[in-house]
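Here the structure is laid out as structure tokens; the discussion comes afterwards.
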Amino acid sequence: MRSISLVILLLAVTAVSAQNNLVTKANYQQAARFAPRKLDKLIFSASVDPHWLKKSDRFWYEYETTDGRKWYIVDPVKGEKKLLFDNADLAAKITRIVKDPFDAQHLGIDSMRFIKDENWIQFEVKSTADVEKKDTAASTGRRGAAAATPPAREKKVFYFEYNINTRELTELPDFKKPKRKPSWAAISPDGNTILFGRNYNLYWMDKANYEKALKKEDDSTIVENKLTTDGVEYYSYHSGGGGLGNETNVDKEKNKDKRKSVTAFWSPDSKYFSLVRRDDRKVKDLWVINSIADPRPTLETYKYWMPGEKEAPVDHLYLFDMTAHSGKEMPVSAFKDQNLSIWSTPAPANTRDDDWRPLTWLGNNSKFYFTRTGRDLKKVDICLVDINTGNVKPLIEERFNTYIEVRRVGLIAEGKEMIHWSERDGWAHFYLYDENGKLKNQITSGTWHVESILGIDEAKRVLYFSANGREAGEDPYYLHAYRVNFDGSGLKLLNPGEFEHAMSINDNETFFVDNFSRVNTVPKSVLYASDGRKVMDLETADLSSLMATGYKFPQPFKVKADDGITDIYGVIYKPMDFDSTKKYPVIEYVYPGPQTEAVNKAFGRGMDRTDRLANLGFIVITMGNRGGHPSRSKWYHNYGYGNLRDYGLADKKAAAEQLADRYPWFDINRIGIHGHSGGGFMSTAAMLVYPDFFKVAVSSSGNHDNSIYNRWWSEQHHGVKETITDKGDTTFAYSIEKNQDLVKNLKGHLMLTTGDIDNNVHPGGTIRVANALIKSNKRFDLVILPGQRHGYADMTEYFFWRMADYFTLYLMGDTTERPVDIEQMNRELEQSGNATGGGRRRPEAN
């Protein structure tokens, strides 16, 4: 009996000890230290953003550390990097002129760019002195208004030129800063024709009248020339705003007399332009109600095409001749409800500081390229338009049994040859075609993924591109730069190192800047020659202030998918005060894809849903899933095709189970899940498909019912069935599983949130799940964020702390009182410690 009693006693002590080892108190103070406004003072520059010059291979960049901001000029040919100027010397010179105090660490230079012979820079600084704003009532002669209202004031701006060789600073007292290009202006490459929309039609003005418009938008002397007359509502030549590119009725009322932007693709010689005109007249309306609009709630109405609906938009391709001031529709019809996309020429890297960059079509003065895609996205034609003959010719045809993705073709000798991206063999690779669409050879091949063209050296017949998954033993998501000859020979890795790389190559394809890091390394920047030779180190990010807070890098991991074969990659985020002897509740931050996965590969400053959530006292994990990221095999990417609700859940569960086997501090009995948008959809689905595994979810703005989400995403990633009758009639059928179908399975705690005027993922998706939950007599929580679209804007912080409260209560079991005033709580956290008084009592956790 004594031995039995001793065993019972030991078991009881062990159970109590294990219970005491559970993390059950949230550290709000620790989490508050990683608020976005605080990170802005802890993390400075993490990458070099080069401004390539026009007349040489040189570039300049600015970089900020705890010592302030500095500006550098780099000459890759000489292998030389030096300061553009001495900050202290320039600060003193500016101070003498502006009469404001400037110093080396707080040198407020803005709008800098190179001018003249590229030995001079131009920039501006703002003074603390006020000047009267020019466009006030007083300046326009309305004396009565001026007497009633003091004239508006603005900060005085000083303009300077500075010689980087002689250190000469020159004030420009009479300088007139070029007006920023208005969004409505589609400027021709030669700058002489400015295209815009008004009242659903196309208009144009010449350069002289455009300059008048820059000074005063409503100048009555401006001459506008009408180019079309048949534009009507929802079959317009110009762009709108609102849901999926359509204006709401509120937008229209607000902007009815304003010029509108036009997405026009110009020929290089400015004589022609093309555009896609979309007919939305049959597309059905959708609505949201802005309940906090002043003075009374407003109904916002906009066009929104839902999956499976027969009332589809119809695309039309137009070509306009600006010599004859006439246009015509091009004969491009091939598939019912087809989508048309015109390709633009890649903007030169050395034009980024120009006042404006023209949008030119991919091609030359006599031809341009576009894609034609069937509604089911299984048929894609890459086509050429000859503007002299009007002939439209399909050059490359792609056909597949799941959806097809395309990239812009790379032109060689203005289209004598083309470099085409395709996943036709199950992996993304490049193919070389002649001008008539005949395949010459496959350029790259193998079980790895090419991402995009970085540059094309026509003379040397070398392709520079980015790719991932080729380097053995690396995380297959890490992007690298490569070069290869057009015939497929000479493939070479240019920037080795097991990191996520981001490359910026110059227009001559001679040098590139490489920014690289992992989630657990300090970001660095290096300059390479295009043959892979390292020219010099540029920068290492200054994370000293972040590390002083006790910050610790997250931990990458690899596990197997639920099939036991496929590798799944993820990241573990731990609290700064992590104790491996304790057992932590776990939150999965999820996004299902298929267009991306919510797994960071490089170091970043966006820590709200990972680091900050972890610092409350959770283990936060992110990981991919089969059917997720497109930058692996076509099989991996399309795994969820036809099963858009459940396809990624088994891998999320399997990953957590393997990590629990691996780490004793990983509490498999307290698993929560959170995601936004597609992640909101996925996190709720996880609670319903695996109700005994996932205990708590916060699902924000989820597309829970994809039958009312937009066609572009839902039909593409889930699939739509196209049926063609013997008579040639084409119909489309769409059916998909919904979260509300499974609400009877809910066992844990679920909080749903949505913005009430979300015109991307309509709040109806969340309301439908709430309706089903109520009818099933389920307890859950619903938070409506007034006046918010798909992102929560100025309510982001409010949402974060509501989410924090929910997880700490129901997943951690922390019933500590918190102040009703969230801002008060944040202030108290910053000043002292965890706030505990002056608020509502939280209910006990189950």
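Lettering and numbering for the structure tokens are positional, with chains as A, B, ... in the shown order, residues counted from 1 in each chain, and ligands counted from 1 in the shown order.
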Quick one: which segment 513-554 of chain A residues come within 9 Å of segment 78-96 of chain A, and what is the nearest atom pair for each with the distance in Å to one decimal, counting only C-alpha atoms, rows ordered by chain and ascending number, as a tab-separated table?
residue	atom	partner	partner_atom	distance
A:Val535	CA	A:Gly79	CA	6.1
A:Met536	CA	A:Gly79	CA	6.8
A:Leu538	CA	A:Lys81	CA	8.0
For Leu746 of chain A, work out the shell of residues within 10 Å, counting only C-alpha atoms and skipping chain neighbours fewer than 2 positions away, then give it as a PyMOL selection string.
-> chain A and resi 684-692+694-695+742-744+748-750+773+776+778-780
Write out as a PyMOL selection string each polymer residue whose atoms come within 10 Å of segment 47-52 of chain A, counting only C-alpha atoms; drop sequence neighbours fewer than 2 positions from it.
-> chain A and resi 44-45+54-64+72-74+113-114+348-353+502-507+512-517+523-527+538-541
Could you give me, as a list in words, the residues within 12 Å of Thr723 of chain A, counting only C-alpha atoms and dropping anything in the same chain fewer than 4 positions from it?
->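 In the requested form, the answer reads Lys336, Arg375, Asp376, Lys727, Gly728, Asp729, Thr730, Thr731, Phe732, Ala733 and Tyr734 of chain A.
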Would you save the residues of that selection, restricted to C-alpha atoms, as an mmCIF file, in the first residue's frame?
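Result file again-v1.cif:
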data_model
loop_
_atom_site.group_PDB
_atom_site.id
_atom_site.type_symbol
_atom_site.label_atom_id
_atom_site.label_comp_id
_atom_site.auth_asym_id
_atom_site.auth_seq_id
_atom_site.Cartn_x
_atom_site.Cartn_y
_atom_site.Cartn_z
ATOM 1 C CA LYS A 336 -15.607 33.591 -74.780
ATOM 2 C CA ARG A 375 -11.828 32.558 -68.996
ATOM 3 C CA ASP A 376 -10.850 29.153 -67.601
ATOM 4 C CA LYS A 727 -24.152 24.590 -81.469
ATOM 5 C CA GLY A 728 -20.986 26.290 -80.288
ATOM 6 C CA ASP A 729 -22.535 27.963 -77.223
ATOM 7 C CA THR A 730 -20.131 28.313 -74.291
ATOM 8 C CA THR A 731 -21.163 28.271 -70.622
ATOM 9 C CA PHE A 732 -19.215 28.194 -67.351
ATOM 10 C CA ALA A 733 -20.079 26.328 -64.155
ATOM 11 C CA TYR A 734 -18.552 26.999 -60.744
#
Determine which residues of segment 246-381 of chain A receive a DSSP assignment of alpha helix (DSSP H), computed from the backbone, and state them as a PyMOL selection string.
-> chain A and resi 249-255
Keeping only N, CA and C atoms, write the selected residues to a file as a compact mmCIF listing (two decimals), in the first residue's frame.
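Contents of result-v4.txt, freshly written:
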# COMPACT_ATOMS: atom_id res chain seq x y z
N ASN A 249 -20.53 54.65 -56.97
CA ASN A 249 -21.36 55.81 -57.23
C ASN A 249 -20.89 57.02 -56.43
N VAL A 250 -20.30 56.77 -55.26
CA VAL A 250 -19.78 57.88 -54.44
C VAL A 250 -18.57 58.49 -55.12
N ASP A 251 -17.68 57.64 -55.66
CA ASP A 251 -16.51 58.14 -56.39
C ASP A 251 -16.94 59.00 -57.58
N LYS A 252 -17.93 58.52 -58.30
CA LYS A 252 -18.38 59.23 -59.50
C LYS A 252 -18.91 60.61 -59.16
N GLU A 253 -19.67 60.70 -58.11
CA GLU A 253 -20.21 61.99 -57.72
C GLU A 253 -19.10 62.93 -57.31
N LYS A 254 -18.11 62.38 -56.60
CA LYS A 254 -17.01 63.20 -56.11
C LYS A 254 -16.11 63.66 -57.25
N ASN A 255 -15.93 62.81 -58.27
CA ASN A 255 -14.94 63.08 -59.32
C ASN A 255 -15.56 63.33 -60.69
Between A:Lys378, A:Arg470, A:Arg612, A:His629, which is the closest to Gln29 of chain A once you count only C-alpha atoms?
->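 Looking at the shortest contact to Gln29 of chain A, the residue is A:Arg612.
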Those of segment 400-604 of chain A in DSSP strand (DSSP E or B), formatted as number ranges by chain | A: 410-412, 417-422, 429-434, 439-442, 449-457, 462-468, 479-485, 492-493, 500-505, 511-517, 524-529, 534-540, 555-560, 567-573, 583-589
If we count only C-alpha atoms, what is near segment 423-430 of chain A at a cut-off of 10 Å, once residues fewer than 6 positions away on the same chain are taken out, given as a ChimeraX atom specification?
-> /A:398-400,404-406,409-410,441-453,463,465,467,486,488,630-636
Those same residues, written as a tab-separated table (two decimals), in the first residue's frame with N, CA and C atoms?
chain	number	residue	atom	x	y	z
A	398	GLU	N	-0.12	28.55	-75.40
A	398	GLU	CA	0.07	27.70	-74.22
A	398	GLU	C	-1.27	27.05	-73.89
A	399	ARG	N	-1.26	25.74	-73.62
A	399	ARG	CA	-2.46	25.01	-73.24
A	399	ARG	C	-2.11	24.07	-72.07
A	400	PHE	N	-3.00	24.01	-71.06
A	400	PHE	CA	-2.74	23.17	-69.90
A	400	PHE	C	-4.08	22.78	-69.28
A	404	ILE	N	-2.86	28.64	-66.39
A	404	ILE	CA	-1.56	28.98	-66.97
A	404	ILE	C	-1.15	30.36	-66.50
A	405	GLU	N	0.09	30.48	-66.11
A	405	GLU	CA	0.64	31.78	-65.76
A	405	GLU	C	1.67	32.19	-66.80
A	406	VAL	N	1.81	33.48	-67.02
A	406	VAL	CA	2.74	33.98	-68.04
A	406	VAL	C	3.57	35.12	-67.47
A	409	VAL	N	7.37	38.54	-72.34
A	409	VAL	CA	8.45	38.01	-73.16
A	409	VAL	C	9.59	39.02	-73.24
A	410	GLY	N	10.79	38.50	-73.40
A	410	GLY	CA	11.94	39.36	-73.63
A	410	GLY	C	12.24	39.43	-75.10
A	441	ASN	N	15.00	26.71	-79.23
A	441	ASN	CA	15.58	25.81	-78.23
A	441	ASN	C	15.09	26.22	-76.83
A	442	GLN	N	15.15	25.26	-75.91
A	442	GLN	CA	14.89	25.54	-74.50
A	442	GLN	C	16.19	26.08	-73.90
A	443	ILE	N	16.09	27.19	-73.18
A	443	ILE	CA	17.30	27.84	-72.66
A	443	ILE	C	17.70	27.26	-71.31
A	444	THR	N	16.74	27.10	-70.39
A	444	THR	CA	17.02	26.53	-69.07
A	444	THR	C	16.17	25.28	-68.89
A	445	SER	N	16.62	24.40	-68.03
A	445	SER	CA	15.86	23.18	-67.78
A	445	SER	C	16.28	22.59	-66.45
A	446	GLY	N	15.44	21.69	-65.91
A	446	GLY	CA	15.77	21.03	-64.67
A	446	GLY	C	14.69	21.22	-63.62
A	447	THR	N	14.88	20.60	-62.45
A	447	THR	CA	13.89	20.65	-61.38
A	447	THR	C	14.13	21.87	-60.49
A	448	TRP	N	14.00	23.04	-61.10
A	448	TRP	CA	14.13	24.31	-60.38
A	448	TRP	C	13.30	25.35	-61.12
A	449	HIS	N	13.15	26.52	-60.54
A	449	HIS	CA	12.17	27.52	-61.00
A	449	HIS	C	12.87	28.81	-61.41
A	450	VAL	N	12.66	29.23	-62.66
A	450	VAL	CA	13.14	30.56	-63.07
A	450	VAL	C	12.04	31.57	-62.81
A	451	GLU	N	12.41	32.73	-62.31
A	451	GLU	CA	11.42	33.71	-61.89
A	451	GLU	C	11.20	34.81	-62.93
A	452	SER	N	12.25	35.56	-63.27
A	452	SER	CA	12.04	36.68	-64.20
A	452	SER	C	13.33	37.07	-64.88
A	453	ILE	N	13.18	37.82	-65.96
A	453	ILE	CA	14.32	38.34	-66.71
A	453	ILE	C	14.87	39.57	-65.98
A	463	LEU	N	21.52	35.95	-71.37
A	463	LEU	CA	20.33	36.27	-70.59
A	463	LEU	C	20.69	36.31	-69.11
A	465	PHE	N	18.97	36.48	-65.35
A	465	PHE	CA	17.65	36.20	-64.81
A	465	PHE	C	17.74	35.83	-63.33
A	467	ALA	N	16.24	33.20	-60.27
A	467	ALA	CA	15.70	31.85	-60.17
A	467	ALA	C	15.90	31.34	-58.76
A	486	PHE	N	22.01	32.20	-74.81
A	486	PHE	CA	20.72	31.95	-75.45
A	486	PHE	C	20.55	30.48	-75.85
A	488	GLY	N	21.48	27.97	-74.16
A	488	GLY	CA	21.39	27.14	-72.97
A	488	GLY	C	22.72	26.79	-72.34
A	630	PRO	N	3.95	29.83	-55.71
A	630	PRO	CA	4.12	29.49	-57.13
A	630	PRO	C	5.57	29.24	-57.54
A	631	SER	N	6.54	29.56	-56.69
A	631	SER	CA	7.94	29.46	-57.10
A	631	SER	C	8.57	28.12	-56.78
A	632	ARG	N	7.73	27.08	-56.80
A	632	ARG	CA	8.26	25.72	-56.74
A	632	ARG	C	7.75	25.00	-57.98
A	633	SER	N	7.55	23.71	-57.91
A	633	SER	CA	7.08	23.01	-59.10
A	633	SER	C	5.63	23.38	-59.41
A	634	LYS	N	5.22	23.15	-60.65
A	634	LYS	CA	3.83	23.36	-61.03
A	634	LYS	C	2.92	22.42	-60.25
A	635	TRP	N	3.42	21.21	-59.95
A	635	TRP	CA	2.63	20.26	-59.14
A	635	TRP	C	2.38	20.84	-57.75
A	636	TYR	N	3.43	21.37	-57.13
A	636	TYR	CA	3.29	21.94	-55.78
A	636	TYR	C	2.30	23.10	-55.80
Counting only C-alpha atoms, what is within 9 Å of segment 215-222 of chain A, bar same-chain residues fewer than 5 positions away, as a ChimeraX atom specification?
-> /A:179,205,208-210
Which of A:Ser677, A:Ser707, A:Thr298, A:Ser344 sits closest to Gln740 of chain A [using only C-alpha atoms] = A:Ser707
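Using only C-alpha atoms, the contacts of segment 308-317 of chain A at a cut-off of 7 Å, with sequence neighbours closer than 3 positions omitted, comprise Leu275, Val276, Arg277, Arg278, Asp279, Asp280, Lys282, Val283, Lys284, Trp305, Glu329, Met330, Asp337, Gln338, Asn339, Leu340, Phe732, Ala733 and Tyr734 of chain A.
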With N, CA and C atoms kept, could you save the residues just selected as a tab-separated table (two decimals), in the first residue's frame?
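Just written: part-v6.tsv:
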chain	number	residue	atom	x	y	z
A	275	LEU	N	-4.89	50.51	-76.20
A	275	LEU	CA	-5.47	50.33	-74.87
A	275	LEU	C	-6.51	49.22	-74.93
A	276	VAL	N	-6.82	48.68	-73.76
A	276	VAL	CA	-7.91	47.71	-73.62
A	276	VAL	C	-9.10	48.44	-73.03
A	277	ARG	N	-10.21	48.37	-73.74
A	277	ARG	CA	-11.46	48.98	-73.28
A	277	ARG	C	-12.38	47.85	-72.80
A	278	ARG	N	-12.78	47.95	-71.55
A	278	ARG	CA	-13.56	46.87	-70.94
A	278	ARG	C	-15.03	47.26	-70.84
A	279	ASP	N	-15.88	46.36	-71.31
A	279	ASP	CA	-17.33	46.56	-71.25
A	279	ASP	C	-17.87	45.86	-70.00
A	280	ASP	N	-18.21	46.65	-68.99
A	280	ASP	CA	-18.74	46.12	-67.72
A	280	ASP	C	-20.25	46.30	-67.60
A	282	LYS	N	-22.85	44.62	-68.37
A	282	LYS	CA	-23.68	43.49	-67.94
A	282	LYS	C	-23.25	42.92	-66.59
A	283	VAL	N	-22.10	43.37	-66.11
A	283	VAL	CA	-21.62	42.88	-64.81
A	283	VAL	C	-22.56	43.40	-63.72
A	284	LYS	N	-22.89	42.53	-62.79
A	284	LYS	CA	-23.85	42.89	-61.75
A	284	LYS	C	-23.24	43.84	-60.72
A	305	TRP	N	-17.61	41.24	-60.51
A	305	TRP	CA	-17.88	40.00	-61.19
A	305	TRP	C	-17.55	38.83	-60.27
A	329	GLU	N	-11.07	49.41	-83.47
A	329	GLU	CA	-10.97	48.19	-82.68
A	329	GLU	C	-10.26	47.12	-83.50
A	330	MET	N	-9.39	46.37	-82.83
A	330	MET	CA	-8.63	45.34	-83.50
A	330	MET	C	-9.35	43.99	-83.39
A	337	ASP	N	-15.50	35.36	-73.13
A	337	ASP	CA	-15.13	36.04	-71.88
A	337	ASP	C	-13.62	36.11	-71.71
A	338	GLN	N	-12.90	36.29	-72.81
A	338	GLN	CA	-11.45	36.31	-72.77
A	338	GLN	C	-10.94	37.58	-72.08
A	339	ASN	N	-9.72	37.49	-71.58
A	339	ASN	CA	-9.05	38.63	-70.96
A	339	ASN	C	-7.88	39.05	-71.85
A	340	LEU	N	-7.72	40.35	-72.06
A	340	LEU	CA	-6.65	40.89	-72.89
A	340	LEU	C	-5.70	41.72	-72.04
A	732	PHE	N	-20.19	28.46	-68.40
A	732	PHE	CA	-19.22	28.19	-67.35
A	732	PHE	C	-19.96	27.82	-66.07
A	733	ALA	N	-19.46	26.79	-65.40
A	733	ALA	CA	-20.08	26.33	-64.15
A	733	ALA	C	-19.04	26.38	-63.04
A	734	TYR	N	-19.48	26.82	-61.88
A	734	TYR	CA	-18.55	27.00	-60.74
A	734	TYR	C	-19.22	26.49	-59.48
Gap from atom CA of Leu362 of chain A to atom CA of Ala347 of chain A - Å, one decimal |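 Rounded to one decimal, the two atoms are 10.6 Å apart.
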